[in-house]
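Undergrad: Provided below: final31.pdb, containing PDB, C-alpha atoms.
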ATOM      1  CA  MET E 863       0.000   0.000   0.000  1.00  0.00           C
ATOM      2  CA  PRO E 864       1.513   3.376  -0.995  1.00  0.00           C
ATOM      3  CA  ASP E 865       2.338   5.692   1.819  1.00  0.00           C
ATOM      4  CA  HIS E 866       0.826   9.149   2.282  1.00  0.00           C
ATOM      5  CA  LYS E 867       3.892  10.883   0.821  1.00  0.00           C
ATOM      6  CA  ASP E 868       3.621   8.871  -2.416  1.00  0.00           C
ATOM      7  CA  LYS E 869      -0.080   9.698  -2.759  1.00  0.00           C
ATOM      8  CA  ARG E 870       0.601  13.390  -2.215  1.00  0.00           C
ATOM      9  CA  SER E 871       3.455  13.323  -4.716  1.00  0.00           C
ATOM     10  CA  ARG E 872       1.263  11.656  -7.363  1.00  0.00           C
ATOM     11  CA  LYS E 873      -1.541  14.144  -6.717  1.00  0.00           C
ATOM     12  CA  GLU E 874       0.852  17.079  -7.065  1.00  0.00           C
ATOM     13  CA  ALA E 875       2.234  15.637 -10.312  1.00  0.00           C
ATOM     14  CA  LEU E 876      -1.301  15.195 -11.660  1.00  0.00           C
ATOM     15  CA  ASN E 877      -2.187  18.782 -10.735  1.00  0.00           C
ATOM     16  CA  ARG E 878       0.962  20.061 -12.470  1.00  0.00           C
ATOM     17  CA  TRP E 879       0.111  18.018 -15.569  1.00  0.00           C
ATOM     18  CA  LYS E 880      -3.453  19.394 -15.617  1.00  0.00           C
ATOM     19  CA  ALA E 881      -2.162  22.955 -15.211  1.00  0.00           C
ATOM     20  CA  ASP E 882       0.274  22.387 -18.089  1.00  0.00           C
ATOM     21  CA  GLN E 883      -2.562  21.044 -20.256  1.00  0.00           C
ATOM     22  CA  ARG E 884      -4.724  24.107 -19.491  1.00  0.00           C
ATOM     23  CA  ALA E 885      -1.816  26.443 -20.241  1.00  0.00           C
ATOM     24  CA  ALA E 886      -1.241  24.716 -23.589  1.00  0.00           C
ATOM     25  CA  ALA E 887      -4.968  24.975 -24.369  1.00  0.00           C
ATOM     26  CA  ARG E 888      -5.005  28.702 -23.480  1.00  0.00           C
ATOM     27  CA  VAL E 889      -2.173  29.357 -25.946  1.00  0.00           C
ATOM     28  CA  LYS E 890      -4.313  27.860 -28.730  1.00  0.00           C
ATOM     29  CA  LEU E 891      -7.359  30.058 -28.021  1.00  0.00           C
ATOM     30  CA  PRO E 892      -8.094  32.054 -31.180  1.00  0.00           C
ATOM     31  CA  LEU E 893      -9.665  35.072 -29.435  1.00  0.00           C
ATOM     32  CA  PRO E 894      -9.326  36.902 -26.121  1.00  0.00           C
ATOM     33  CA  ASN E 895     -11.625  35.635 -23.361  1.00  0.00           C
ATOM     34  CA  GLU E 896     -14.065  38.548 -23.682  1.00  0.00           C
ATOM     35  CA  GLN E 897     -14.605  37.791 -27.362  1.00  0.00           C
ATOM     36  CA  MET E 898     -14.854  34.053 -26.739  1.00  0.00           C
ATOM     37  CA  GLN E 899     -17.515  34.723 -24.110  1.00  0.00           C
ATOM     38  CA  ALA E 900     -19.392  37.058 -26.466  1.00  0.00           C
ATOM     39  CA  MET E 901     -19.313  34.439 -29.233  1.00  0.00           C
ATOM     40  CA  PHE E 902     -20.699  31.714 -26.986  1.00  0.00           C
ATOM     41  CA  ASP E 903     -23.297  34.095 -25.527  1.00  0.00           C
ATOM     42  CA  MET E 904     -24.457  34.899 -29.059  1.00  0.00           C
ATOM     43  CA  LEU E 905     -24.684  31.209 -29.913  1.00  0.00           C
ATOM     44  CA  ASP E 906     -26.665  30.537 -26.759  1.00  0.00           C
ATOM     45  CA  VAL E 907     -29.206  33.229 -27.648  1.00  0.00           C
ATOM     46  CA  GLU E 908     -29.418  32.388 -31.354  1.00  0.00           C
ATOM     47  CA  ARG E 909     -29.613  28.627 -30.856  1.00  0.00           C
ATOM     48  CA  SER E 910     -32.710  29.121 -28.703  1.00  0.00           C
ATOM     49  CA  ARG E 911     -34.292  31.050 -31.596  1.00  0.00           C
ATOM     50  CA  GLN E 912     -33.506  28.708 -34.484  1.00  0.00           C
ATOM     51  CA  GLU E 913     -32.556  25.128 -35.183  1.00  0.00           C
ATOM     52  CA  CYS E 914     -29.012  24.147 -36.020  1.00  0.00           C
ATOM     53  CA  ASP E 915     -28.437  23.754 -39.751  1.00  0.00           C
ATOM     54  CA  HIS E 916     -25.329  21.629 -39.070  1.00  0.00           C
ATOM     55  CA  THR E 917     -22.931  24.394 -40.142  1.00  0.00           C
ATOM     56  CA  LEU E 918     -21.098  27.209 -38.408  1.00  0.00           C
ATOM     57  CA  ARG E 919     -23.314  29.752 -40.189  1.00  0.00           C
ATOM     58  CA  LEU E 920     -24.156  31.760 -37.056  1.00  0.00           C
ATOM     59  CA  THR E 921     -20.584  31.697 -35.800  1.00  0.00           C
ATOM     60  CA  ARG E 922     -19.123  32.743 -39.144  1.00  0.00           C
ATOM     61  CA  ALA E 923     -21.650  35.577 -39.521  1.00  0.00           C
ATOM     62  CA  TRP E 924     -20.897  36.832 -36.009  1.00  0.00           C
ATOM     63  CA  LEU E 925     -17.141  36.728 -36.599  1.00  0.00           C
ATOM     64  CA  VAL E 926     -17.474  38.653 -39.867  1.00  0.00           C
ATOM     65  CA  SER E 927     -19.831  41.225 -38.344  1.00  0.00           C
ATOM     66  CA  ASN E 928     -17.354  41.801 -35.518  1.00  0.00           C
ATOM     67  CA  ASP E 929     -14.348  41.984 -37.881  1.00  0.00           C
ATOM     68  CA  LEU E 930     -12.719  38.949 -36.256  1.00  0.00           C
ATOM     69  CA  PRO E 931     -10.588  36.271 -37.933  1.00  0.00           C
ATOM     70  CA  VAL E 932     -12.894  33.549 -39.232  1.00  0.00           C
ATOM     71  CA  GLU E 933     -10.561  30.718 -40.240  1.00  0.00           C
ATOM     72  CA  PRO E 934      -8.451  30.537 -37.048  1.00  0.00           C
ATOM     73  CA  VAL E 935     -11.628  30.455 -34.962  1.00  0.00           C
ATOM     74  CA  VAL E 936     -13.255  27.821 -37.184  1.00  0.00           C
ATOM     75  CA  ALA E 937     -10.093  25.711 -37.047  1.00  0.00           C
ATOM     76  CA  TRP E 938     -10.062  25.903 -33.235  1.00  0.00           C
ATOM     77  CA  LEU E 939     -13.772  25.087 -33.044  1.00  0.00           C
ATOM     78  CA  ASN E 940     -13.247  22.026 -35.258  1.00  0.00           C
ATOM     79  CA  GLU E 941     -10.271  20.968 -33.150  1.00  0.00           C
ATOM     80  CA  THR E 942     -12.464  21.097 -30.029  1.00  0.00           C
ATOM     81  CA  GLY E 943     -15.458  19.295 -31.531  1.00  0.00           C
ATOM     82  CA  GLY E 944     -17.396  22.332 -32.730  1.00  0.00           C
ATOM     83  CA  TYR E 945     -18.242  21.352 -36.297  1.00  0.00           C
ATOM     84  CA  CYS E 946     -21.554  23.245 -36.262  1.00  0.00           C
ATOM     85  CA  ASP E 947     -23.095  25.986 -34.145  1.00  0.00           C
ATOM     86  CA  CYS E 948     -24.761  23.629 -31.659  1.00  0.00           C
ATOM     87  CA  GLU E 949     -21.599  21.520 -31.267  1.00  0.00           C
ATOM     88  CA  ALA E 950     -19.541  24.690 -30.829  1.00  0.00           C
ATOM     89  CA  LEU E 951     -21.846  25.680 -27.999  1.00  0.00           C
ATOM     90  CA  ALA E 952     -21.763  22.223 -26.416  1.00  0.00           C
ATOM     91  CA  ASN E 953     -18.179  21.064 -27.003  1.00  0.00           C
ATOM     92  CA  SER E 954     -16.006  24.064 -27.755  1.00  0.00           C
ATOM     93  CA  GLU E 955     -17.437  26.234 -25.004  1.00  0.00           C
ATOM     94  CA  GLU E 956     -16.624  23.475 -22.540  1.00  0.00           C
ATOM     95  CA  ALA E 957     -13.060  23.248 -23.913  1.00  0.00           C
ATOM     96  CA  TRP E 958     -12.699  27.021 -23.526  1.00  0.00           C
ATOM     97  CA  GLN E 959     -14.063  26.945 -19.960  1.00  0.00           C
ATOM     98  CA  THR E 960     -11.676  24.143 -19.046  1.00  0.00           C
ATOM     99  CA  ALA E 961      -8.727  26.036 -20.507  1.00  0.00           C
ATOM    100  CA  ILE E 962      -9.403  29.275 -18.652  1.00  0.00           C
ATOM    101  CA  HIS E 963     -10.266  27.911 -15.203  1.00  0.00           C
ATOM    102  CA  ASP E 964      -7.761  26.756 -12.667  1.00  0.00           C
ATOM    103  CA  VAL E 965      -7.915  23.508 -10.691  1.00  0.00           C
ATOM    104  CA  ASN E 966     -10.099  25.113  -8.040  1.00  0.00           C
ATOM    105  CA  GLY E 967     -12.100  27.134 -10.603  1.00  0.00           C
TER
END
Could I get this file's structure written as structure tokens?

TA:
Amino acid sequence: MPDHKDKRSRKEALNRWKADQRAAARVKLPLPNEQMQAMFDMLDVERSRQECDHTLRLTRAWLVSNDLPVEPVVAWLNETGGYCDCEALANSEEAWQTAIHDVNG
């Protein structure tokens, strides 16, 4: 049976690994947090008004209307499972939240 020191050491190593993973994910974010939040807020509102057409139509339109880079955001969304507006809201928003919050967040 592992002793208390070994358990603590493994837990600390796991926490460091998780922090490193979040830091790496933050580096890949295509927009500042305020803009990411605004994008997901828009999707939340718009998705309650209309059905998903299985594209990133709403996201692309919002990015263009806000003069933001479309392709880097779309690439990041795809990388995080956001292949359409509803998946972006479900999967990519969760990936963003995970990246920006600390272990205790």

Undergrad: As a check of understanding, name the residues that the PyMOL selection byres ((chain E and resi 937) around 12) selects in the supplied structure, as a JSON list (two decimals) with C-alpha atoms, in the frame of the given file.

TA:
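Full text of result_30.json as output:
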[["chain", "number", "residue", "atom", "x", "y", "z"],
["E", 890, "LYS", "CA", -4.31, 27.86, -28.73],
["E", 891, "LEU", "CA", -7.36, 30.06, -28.02],
["E", 892, "PRO", "CA", -8.09, 32.05, -31.18],
["E", 918, "LEU", "CA", -21.10, 27.21, -38.41],
["E", 922, "ARG", "CA", -19.12, 32.74, -39.14],
["E", 931, "PRO", "CA", -10.59, 36.27, -37.93],
["E", 932, "VAL", "CA", -12.89, 33.55, -39.23],
["E", 933, "GLU", "CA", -10.56, 30.72, -40.24],
["E", 934, "PRO", "CA", -8.45, 30.54, -37.05],
["E", 935, "VAL", "CA", -11.63, 30.46, -34.96],
["E", 936, "VAL", "CA", -13.26, 27.82, -37.18],
["E", 938, "TRP", "CA", -10.06, 25.90, -33.24],
["E", 939, "LEU", "CA", -13.77, 25.09, -33.04],
["E", 940, "ASN", "CA", -13.25, 22.03, -35.26],
["E", 941, "GLU", "CA", -10.27, 20.97, -33.15],
["E", 942, "THR", "CA", -12.46, 21.10, -30.03],
["E", 943, "GLY", "CA", -15.46, 19.30, -31.53],
["E", 944, "GLY", "CA", -17.40, 22.33, -32.73],
["E", 945, "TYR", "CA", -18.24, 21.35, -36.30],
["E", 946, "CYS", "CA", -21.55, 23.24, -36.26],
["E", 950, "ALA", "CA", -19.54, 24.69, -30.83],
["E", 954, "SER", "CA", -16.01, 24.06, -27.76]]

Undergrad: Which polymer residues have any atom within 12 Å of an atom of segment 878-885 of chain E, counting all atoms listed in the file, with same-chain residues fewer than 2 positions away left out, as a JSON list (two decimals) with C-alpha atoms, in the coordinates of the input?

TA:
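The result, written out as around-v3.json:
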[["chain", "number", "residue", "atom", "x", "y", "z"],
["E", 871, "SER", "CA", 3.46, 13.32, -4.72],
["E", 872, "ARG", "CA", 1.26, 11.66, -7.36],
["E", 873, "LYS", "CA", -1.54, 14.14, -6.72],
["E", 874, "GLU", "CA", 0.85, 17.08, -7.06],
["E", 875, "ALA", "CA", 2.23, 15.64, -10.31],
["E", 876, "LEU", "CA", -1.30, 15.20, -11.66],
["E", 887, "ALA", "CA", -4.97, 24.98, -24.37],
["E", 888, "ARG", "CA", -5.00, 28.70, -23.48],
["E", 889, "VAL", "CA", -2.17, 29.36, -25.95],
["E", 890, "LYS", "CA", -4.31, 27.86, -28.73],
["E", 891, "LEU", "CA", -7.36, 30.06, -28.02],
["E", 957, "ALA", "CA", -13.06, 23.25, -23.91],
["E", 958, "TRP", "CA", -12.70, 27.02, -23.53],
["E", 959, "GLN", "CA", -14.06, 26.94, -19.96],
["E", 960, "THR", "CA", -11.68, 24.14, -19.05],
["E", 961, "ALA", "CA", -8.73, 26.04, -20.51],
["E", 962, "ILE", "CA", -9.40, 29.28, -18.65],
["E", 963, "HIS", "CA", -10.27, 27.91, -15.20],
["E", 964, "ASP", "CA", -7.76, 26.76, -12.67],
["E", 965, "VAL", "CA", -7.92, 23.51, -10.69],
["E", 966, "ASN", "CA", -10.10, 25.11, -8.04],
["E", 967, "GLY", "CA", -12.10, 27.13, -10.60]]

Undergrad: For the structure shown, which residues end up in the PyMOL selection byres ((chain E and resi 898-912) around 10)? Put them as a compact mmCIF listing (two decimals) with C-alpha atoms, keeping the file's coordinate frame, please?

TA:
# COMPACT_ATOMS: atom_id res chain seq x y z
CA LEU E 891 -7.36 30.06 -28.02
CA PRO E 892 -8.09 32.05 -31.18
CA LEU E 893 -9.66 35.07 -29.44
CA PRO E 894 -9.33 36.90 -26.12
CA ASN E 895 -11.62 35.64 -23.36
CA GLU E 896 -14.06 38.55 -23.68
CA GLN E 897 -14.60 37.79 -27.36
CA GLU E 913 -32.56 25.13 -35.18
CA CYS E 914 -29.01 24.15 -36.02
CA ASP E 915 -28.44 23.75 -39.75
CA LEU E 920 -24.16 31.76 -37.06
CA THR E 921 -20.58 31.70 -35.80
CA TRP E 924 -20.90 36.83 -36.01
CA LEU E 925 -17.14 36.73 -36.60
CA ASN E 928 -17.35 41.80 -35.52
CA VAL E 935 -11.63 30.46 -34.96
CA ASP E 947 -23.10 25.99 -34.15
CA CYS E 948 -24.76 23.63 -31.66
CA ALA E 950 -19.54 24.69 -30.83
CA LEU E 951 -21.85 25.68 -28.00
CA ALA E 952 -21.76 22.22 -26.42
CA SER E 954 -16.01 24.06 -27.76
CA GLU E 955 -17.44 26.23 -25.00
CA TRP E 958 -12.70 27.02 -23.53
CA GLN E 959 -14.06 26.94 -19.96
